[in-house]
Structures are given as structure tokens and as C-alpha cells.
Amino acid sequence: MALIRKSKPFRWRRKHLLGLRELDAEEITYILDTAKGFEQISTRSVKKAPPLRGKVIVNLFFEDSTRTRNSFALAASRLSADIIEFTKKSSAVSKGETLLDTARNLEAMGIDIVVIRHSAAGASKLLSRNINACVINAGDGYCEHPTQGLLDVYTIRKIRGSLAGLKIAIVGDIAHSRVARSDMWAMTKLGAEVTFVGPPTLIPTEVGRLPVNVSYSLDEIIEKVDVINMLRIQFERLGGNPFPSIREYSHYFGLTVERMKRAKPDILVMHPGPINRGLEMESEVADGQNSVILQQVTNGLAVRMAVLFLVNQAAAQVS
Ligand code: CP
């Protein structure tokens, strides 16, 4: 008699989301599937559900943000949590208080989840080792931006059904991009082939150890890819001049209407935002029929609801 072995149902166990490098395909898929379930809350007349009622979330942002901060705030509200908005400028950090003291003082008020954005790589990991609350990385230095990576793969999967076998180009300032790193981990784990594209000065030096191809020519790859993710030049992080002029960068690496004529007709054009219009892409492309940039933002809400829900659930299991 053949033995039928039942696979164990998957159970989410992480009370922190620090990066996608450490997640496997099953975990990433589980978050995406959970997000799919949350999508319909935003279409109801009463856009609220109770899973995080009574929980307190702090948006601990040491860097500016439009999408991530507001998306987490709205996601928390949709799940009935209370949200505290922390900004560096109006806090005691300006008087010299450290990150850990700030977090511990907020924790003393009874918070359950910290969503942190910080310019230092590893800031979220540091917090996760020193406080009891759940920690979600909303972007740390050049390291990771896991919820952006998740919403990017969610968007592709929603339109294409799967990432398996897709060719994806991530173009521009890869060296200073946490989005590129989180995208790379999520996309390759879900079976896509990723190519980093940019001038040699904006490709990370460790690229040989990463699961990606490299191209120094957008013209060489534009016809071949199913998805193109254009990154912002992170002027605030450039230490020197990585290319001779903005005009030259745009000429070789900008996504123009002219270049789009050579792309696959159904190519998905993505950008994490904020866009430098006219630099990494022309406005006609950013707002064109292949652009899914605003869909990325919409999907971010469901993905962040899923992440808040899952880390809270994991915390309840371990406590
Ligand atoms: N994509 C992204 O992180 O945008 P914000 O900086 O506006 O949050």
C-alpha cells in the first residue's frame, strides 16, 4: 500500500520582518496569499476589520517617506490598530537621545509593533534584538526595504499569475538601493531571472556574489525583459559623481518613449517612487499604458496589512 504523506500546514513564525534575504519562497508566498485576502477590505464601504483592535503601532521614521509611512498608517487603521507617528525633527533625538533609548521609551508606553525607517543598515535588526515589540523594517540604509520588495512581487504576480521564468531588469542606482536588494531576493526566490542594469559606478561591488546577471547597457536588454523596474538616482547617498552628467545618464539609462518602442508590448513598467521625471524615465512612460506604478502603491496597502497581521500573530504565539 502506498504511503500518502500529508504535508504540514504552513505556520508563520516570525515576529519581525527585517529583510527578504532570510525568507524562503514558501514564506514569501504565504505573505502574498495573506495580502490577497486583505485586498477586499479596501473595497468595502466600511474599510475596517478588527484583527489588530487594541494593538499599538509606532511609525518610527528617521527618514522622509510618502508611500511607506502613509501606507503603514492606513494599513494599521484598516486593521483597527492605534498608530503613533514619530518624526525625528519633533522628537528628543534632536536633543541627543539614541535610537535604542527612543524605542525603549516608546515601548514603555505599551507599543506592540515598531515600523522603522533609518539611514543606518541594520537599524531594524538592532531594535529587534533589544526590544520585545515586533519590528518591521521600512527601509534601512542600502540594505533592505522588504515591504517594497513584497509589494513589487505581489504586483507582478497579480498581473502575470506567477514570477517563474520571467525576465526582470532592475535599472539605475543599484549600489545605493535597498529596493533593488529586497526585489532581487523576492524575485529570484519566486523563480524570476533578474538583471541589474546601470553604469559600472552604480552597480554594487559585491554583485558577483548575488543571484543576478549584470548589464551595462539598457539598449542591450530592453527587448528581452518582461518587467522593468526603474530606480531613482539616490542623490542624497551619492558620494561623488558616478556619471559625467544627468543628461548623459538619462541618455544611456533613461526609459524613454523611443526605447519603449523596442520593448515587449506587454512589458510591465515599475518604479518604487519617488520618480525623478525626465531623469530615470519620461513622464509619458511613467503615466503610460504599461506603467503599473500606482498599482504598486495600491497593492502596498494589502501587503502591509498582511505583514502587520502576521507579525502580530507570531508574537501572540510565542508570548
Ligand atoms: N518606495 C518608497 O519607499 O517610497 P517612500 O520613500 O515615499 O516611502
# chains A, B, ... in the order shown; residues from 1 in each chain; ligands from 1

call {"tool": "residues_near_ligand", "arguments": {"ligand": "ligand 1", "cutoff": "6 Å", "atoms": "only C-alpha atoms and all ligand atoms", "output": "count of residues only"}}
result
8

call {"tool": "select_by_dssp", "arguments": {"residues": "stretch 171-261 of chain A", "states": "strand (DSSP E or B)", "output": "PyMOL selection string"}}
result
chain A and resi 171+193-197+213-215+227-230+255

call {"tool": "residues_around", "arguments": {"residues": "A:Val56", "least_positions_apart": "5", "cutoff": "7 Å", "atoms": "only C-alpha atoms", "output": "ChimeraX atom specification"}}
result
/A:81-83,111-113

call {"tool": "write_last_selection", "arguments": {"atoms": "all heavy atoms", "output": "JSON list (two decimals), in the first residue's frame"}}
result
[["chain", "number", "residue", "atom", "x", "y", "z"],
["A", 81, "ALA", "N", -5.91, 49.05, 14.48],
["A", 81, "ALA", "CA", -4.86, 49.34, 15.47],
["A", 81, "ALA", "C", -4.78, 50.85, 15.69],
["A", 81, "ALA", "O", -5.24, 51.63, 14.86],
["A", 81, "ALA", "CB", -3.53, 48.82, 14.98],
["A", 82, "ASP", "N", -4.17, 51.23, 16.82],
["A", 82, "ASP", "CA", -3.85, 52.65, 17.03],
["A", 82, "ASP", "C", -2.44, 52.88, 16.51],
["A", 82, "ASP", "O", -1.58, 52.02, 16.64],
["A", 82, "ASP", "CB", -3.89, 52.99, 18.53],
["A", 82, "ASP", "CG", -5.30, 52.84, 19.08],
["A", 82, "ASP", "OD1", -6.23, 53.28, 18.40],
["A", 82, "ASP", "OD2", -5.44, 52.25, 20.17],
["A", 83, "ILE", "N", -2.21, 54.06, 15.93],
["A", 83, "ILE", "CA", -0.89, 54.34, 15.34],
["A", 83, "ILE", "C", -0.30, 55.61, 15.93],
["A", 83, "ILE", "O", -1.00, 56.62, 16.07],
["A", 83, "ILE", "CB", -0.96, 54.40, 13.79],
["A", 83, "ILE", "CG1", 0.41, 54.66, 13.16],
["A", 83, "ILE", "CG2", -1.97, 55.38, 13.29],
["A", 83, "ILE", "CD1", 1.00, 53.46, 12.50],
["A", 111, "ILE", "N", 3.71, 49.82, 23.34],
["A", 111, "ILE", "CA", 3.52, 49.57, 21.91],
["A", 111, "ILE", "C", 3.72, 48.09, 21.58],
["A", 111, "ILE", "O", 4.43, 47.37, 22.28],
["A", 111, "ILE", "CB", 4.47, 50.43, 21.04],
["A", 111, "ILE", "CG1", 5.91, 50.22, 21.46],
["A", 111, "ILE", "CG2", 4.09, 51.89, 21.09],
["A", 111, "ILE", "CD1", 6.90, 50.68, 20.46],
["A", 112, "ASP", "N", 3.10, 47.66, 20.52],
["A", 112, "ASP", "CA", 3.17, 46.25, 20.12],
["A", 112, "ASP", "C", 4.05, 46.04, 18.89],
["A", 112, "ASP", "O", 4.69, 45.00, 18.75],
["A", 112, "ASP", "CB", 1.76, 45.73, 19.82],
["A", 112, "ASP", "CG", 0.87, 45.83, 21.03],
["A", 112, "ASP", "OD1", 1.05, 45.02, 21.95],
["A", 112, "ASP", "OD2", 0.02, 46.74, 21.09],
["A", 113, "ILE", "N", 4.04, 46.99, 17.96],
["A", 113, "ILE", "CA", 4.78, 46.83, 16.70],
["A", 113, "ILE", "C", 5.51, 48.15, 16.39],
["A", 113, "ILE", "O", 4.92, 49.22, 16.46],
["A", 113, "ILE", "CB", 3.85, 46.48, 15.52],
["A", 113, "ILE", "CG1", 3.05, 45.21, 15.82],
["A", 113, "ILE", "CG2", 4.64, 46.34, 14.22],
["A", 113, "ILE", "CD1", 2.01, 44.85, 14.75]]

call {"tool": "closest_residue", "arguments": {"among": "A:Thr43, A:Arg247, A:Gly139, A:Cys134", "to": "A:Arg13", "atoms": "only C-alpha atoms"}}
result
A:Cys134

call {"tool": "residues_around", "arguments": {"residues": "A:His118", "least_positions_apart": "3", "cutoff": "6 Å", "atoms": "only C-alpha atoms", "output": "list in words"}}
result
Phe62, Glu63 and Asp140 of chain A

call {"tool": "closest_residue", "arguments": {"among": "A:Gly191, A:Pro9, A:Pro146, A:Gly37", "to": "A:Leu166", "atoms": "only C-alpha atoms"}}
result
A:Gly191

call {"tool": "residues_around", "arguments": {"residues": "stretch 158-164 of chain A", "least_positions_apart": "3", "cutoff": "8 Å", "atoms": "only C-alpha atoms", "output": "list of chain:residue names"}}
result
A:Val153, A:Tyr154, A:Thr155, A:Met187, A:Leu190, A:Gly191, A:Ala192

call {"tool": "write_last_selection", "arguments": {"atoms": "N, CA and C atoms", "output": "tab-separated table (two decimals), in the first residue's frame"}}
result
chain	number	residue	atom	x	y	z
A	153	VAL	N	6.64	42.16	-5.96
A	153	VAL	CA	6.35	40.81	-6.47
A	153	VAL	C	4.84	40.54	-6.43
A	154	TYR	N	4.15	41.13	-5.46
A	154	TYR	CA	2.69	40.98	-5.41
A	154	TYR	C	2.06	41.55	-6.69
A	155	THR	N	2.55	42.71	-7.09
A	155	THR	CA	2.00	43.39	-8.27
A	155	THR	C	2.25	42.56	-9.53
A	187	MET	N	12.27	38.31	-5.96
A	187	MET	CA	12.03	37.90	-7.35
A	187	MET	C	12.73	36.59	-7.69
A	190	LEU	N	11.21	33.55	-6.09
A	190	LEU	CA	9.95	33.14	-6.73
A	190	LEU	C	10.17	32.71	-8.18
A	191	GLY	N	11.43	32.58	-8.59
A	191	GLY	CA	11.72	31.95	-9.88
A	191	GLY	C	11.98	32.87	-11.05
A	192	ALA	N	12.10	34.18	-10.82
A	192	ALA	CA	12.40	35.10	-11.93
A	192	ALA	C	13.91	35.18	-12.15

call {"tool": "closest_atom_pairs", "arguments": {"of": "stretch 177-197 of chain A", "to": "stretch 204-218 of chain A", "cutoff": "10 Å", "atoms": "only C-alpha atoms", "output": "JSON lines"}}
result
{"residue": "A:Ser177", "atom": "CA", "partner": "A:Pro204", "partner_atom": "CA", "distance": 9.4}
{"residue": "A:Arg181", "atom": "CA", "partner": "A:Leu210", "partner_atom": "CA", "distance": 9.4}
{"residue": "A:Met184", "atom": "CA", "partner": "A:Val212", "partner_atom": "CA", "distance": 7.5}
{"residue": "A:Trp185", "atom": "CA", "partner": "A:Pro211", "partner_atom": "CA", "distance": 8.2}
{"residue": "A:Thr188", "atom": "CA", "partner": "A:Pro211", "partner_atom": "CA", "distance": 7.3}
{"residue": "A:Lys189", "atom": "CA", "partner": "A:Pro211", "partner_atom": "CA", "distance": 9.6}
{"residue": "A:Ala192", "atom": "CA", "partner": "A:Val212", "partner_atom": "CA", "distance": 9.9}
{"residue": "A:Glu193", "atom": "CA", "partner": "A:Val212", "partner_atom": "CA", "distance": 7.1}
{"residue": "A:Val194", "atom": "CA", "partner": "A:Val212", "partner_atom": "CA", "distance": 5.2}
{"residue": "A:Thr195", "atom": "CA", "partner": "A:Asn213", "partner_atom": "CA", "distance": 4.4}
{"residue": "A:Phe196", "atom": "CA", "partner": "A:Val214", "partner_atom": "CA", "distance": 4.9}
{"residue": "A:Val197", "atom": "CA", "partner": "A:Ser215", "partner_atom": "CA", "distance": 4.8}

call {"tool": "closest_residue", "arguments": {"among": "A:Leu60, A:Ala92, A:Leu301, A:Ala186", "to": "A:Glu39", "atoms": "only C-alpha atoms"}}
result
A:Leu301

call {"tool": "residues_around", "arguments": {"residues": "A:Gln40", "least_positions_apart": "4", "cutoff": "12 Å", "atoms": "only C-alpha atoms", "output": "list in words"}}
result
Thr34, Ala35, Lys36, Arg44, Ser45, Val46, Lys47, Lys48, Ala49, Arg78, Thr298, Asn299, Leu301, Ala302 and Met305 of chain A

call {"tool": "closest_residue", "arguments": {"among": "A:Gly288, A:Gly122, A:Pro244, A:Gly198", "to": "A:Arg178", "atoms": "only C-alpha atoms"}}
result
A:Gly122

call {"tool": "decode", "arguments": {"residues": "stretch 30-60 of chain A", "atoms": "N, CA, C and O atoms", "output": "compact mmCIF listing (two decimals), in the first residue's frame"}}
result
# COMPACT_ATOMS: atom_id res chain seq x y z
N TYR A 30 3.40 32.93 1.28
CA TYR A 30 2.38 32.98 2.34
C TYR A 30 1.98 34.44 2.63
O TYR A 30 0.80 34.73 2.80
N ILE A 31 2.96 35.34 2.64
CA ILE A 31 2.63 36.76 2.85
C ILE A 31 1.76 37.26 1.69
O ILE A 31 0.75 37.95 1.89
N LEU A 32 2.14 36.91 0.47
CA LEU A 32 1.38 37.38 -0.70
C LEU A 32 -0.05 36.83 -0.67
O LEU A 32 -1.01 37.56 -0.97
N ASP A 33 -0.20 35.58 -0.30
CA ASP A 33 -1.54 34.98 -0.23
C ASP A 33 -2.37 35.64 0.87
O ASP A 33 -3.58 35.86 0.71
N THR A 34 -1.71 35.94 1.99
CA THR A 34 -2.41 36.63 3.08
C THR A 34 -2.86 38.02 2.62
O THR A 34 -3.97 38.46 2.90
N ALA A 35 -1.96 38.71 1.90
CA ALA A 35 -2.29 40.05 1.39
C ALA A 35 -3.50 39.99 0.46
O ALA A 35 -4.37 40.87 0.48
N LYS A 36 -3.56 38.94 -0.34
CA LYS A 36 -4.69 38.80 -1.28
C LYS A 36 -6.02 38.77 -0.50
O LYS A 36 -7.00 39.38 -0.91
N GLY A 37 -6.00 38.10 0.63
CA GLY A 37 -7.20 38.04 1.47
C GLY A 37 -7.59 39.40 2.04
O GLY A 37 -8.77 39.67 2.28
N PHE A 38 -6.59 40.25 2.25
CA PHE A 38 -6.87 41.57 2.83
C PHE A 38 -7.27 42.61 1.79
O PHE A 38 -7.81 43.66 2.14
N GLU A 39 -7.04 42.30 0.53
CA GLU A 39 -7.29 43.30 -0.52
C GLU A 39 -8.73 43.80 -0.51
O GLU A 39 -8.98 44.98 -0.70
N GLN A 40 -9.66 42.89 -0.26
CA GLN A 40 -11.07 43.28 -0.40
C GLN A 40 -11.55 44.23 0.71
O GLN A 40 -12.56 44.89 0.55
N ILE A 41 -10.78 44.32 1.81
CA ILE A 41 -11.21 45.25 2.89
C ILE A 41 -11.27 46.67 2.35
O ILE A 41 -12.16 47.45 2.68
N SER A 42 -10.33 47.00 1.46
CA SER A 42 -10.27 48.36 0.92
C SER A 42 -11.38 48.65 -0.07
O SER A 42 -11.57 49.79 -0.48
N THR A 43 -12.12 47.63 -0.48
CA THR A 43 -13.21 47.87 -1.45
C THR A 43 -14.57 47.96 -0.75
O THR A 43 -15.58 48.28 -1.36
N ARG A 44 -14.59 47.69 0.57
CA ARG A 44 -15.87 47.75 1.30
C ARG A 44 -16.28 49.19 1.57
O ARG A 44 -15.44 50.09 1.56
N SER A 45 -17.56 49.40 1.90
CA SER A 45 -17.96 50.77 2.27
C SER A 45 -17.38 51.13 3.64
O SER A 45 -16.95 52.25 3.87
N VAL A 46 -17.35 50.15 4.56
CA VAL A 46 -16.65 50.37 5.84
C VAL A 46 -15.30 49.66 5.72
O VAL A 46 -15.23 48.43 5.77
N LYS A 47 -14.25 50.46 5.54
CA LYS A 47 -12.92 49.88 5.22
C LYS A 47 -12.17 49.54 6.50
O LYS A 47 -11.09 50.07 6.76
N LYS A 48 -12.70 48.67 7.28
CA LYS A 48 -12.06 48.30 8.56
C LYS A 48 -12.35 46.85 8.91
O LYS A 48 -13.44 46.36 8.63
N ALA A 49 -11.34 46.22 9.52
CA ALA A 49 -11.51 44.87 10.06
C ALA A 49 -10.86 44.85 11.44
O ALA A 49 -10.00 45.68 11.73
N PRO A 50 -11.28 43.92 12.32
CA PRO A 50 -10.84 44.02 13.73
C PRO A 50 -9.54 43.33 14.16
O PRO A 50 -9.21 43.40 15.33
N PRO A 51 -8.74 42.66 13.30
CA PRO A 51 -7.69 41.79 13.84
C PRO A 51 -6.67 42.46 14.77
O PRO A 51 -6.11 41.80 15.63
N LEU A 52 -6.41 43.76 14.59
CA LEU A 52 -5.41 44.39 15.47
C LEU A 52 -6.05 45.39 16.45
O LEU A 52 -5.37 46.29 16.95
N ARG A 53 -7.33 45.18 16.73
CA ARG A 53 -8.00 46.08 17.68
C ARG A 53 -7.28 46.02 19.03
O ARG A 53 -6.95 44.94 19.53
N GLY A 54 -7.00 47.19 19.60
CA GLY A 54 -6.32 47.24 20.90
C GLY A 54 -4.80 47.21 20.80
O GLY A 54 -4.10 47.38 21.79
N LYS A 55 -4.26 47.00 19.59
CA LYS A 55 -2.80 46.98 19.41
C LYS A 55 -2.32 48.39 19.06
O LYS A 55 -3.05 49.18 18.46
N VAL A 56 -1.07 48.67 19.44
CA VAL A 56 -0.49 49.99 19.18
C VAL A 56 0.74 49.84 18.30
O VAL A 56 1.63 49.03 18.60
N ILE A 57 0.76 50.59 17.22
CA ILE A 57 1.87 50.53 16.26
C ILE A 57 2.54 51.90 16.22
O ILE A 57 1.84 52.92 16.19
N VAL A 58 3.87 51.91 16.22
CA VAL A 58 4.56 53.20 16.07
C VAL A 58 5.28 53.23 14.73
O VAL A 58 5.96 52.28 14.35
N ASN A 59 5.05 54.30 14.00
CA ASN A 59 5.77 54.57 12.75
C ASN A 59 7.01 55.36 13.12
O ASN A 59 6.95 56.58 13.33
N LEU A 60 8.15 54.68 13.24
CA LEU A 60 9.38 55.31 13.73
C LEU A 60 10.26 55.65 12.52
O LEU A 60 11.12 54.86 12.12
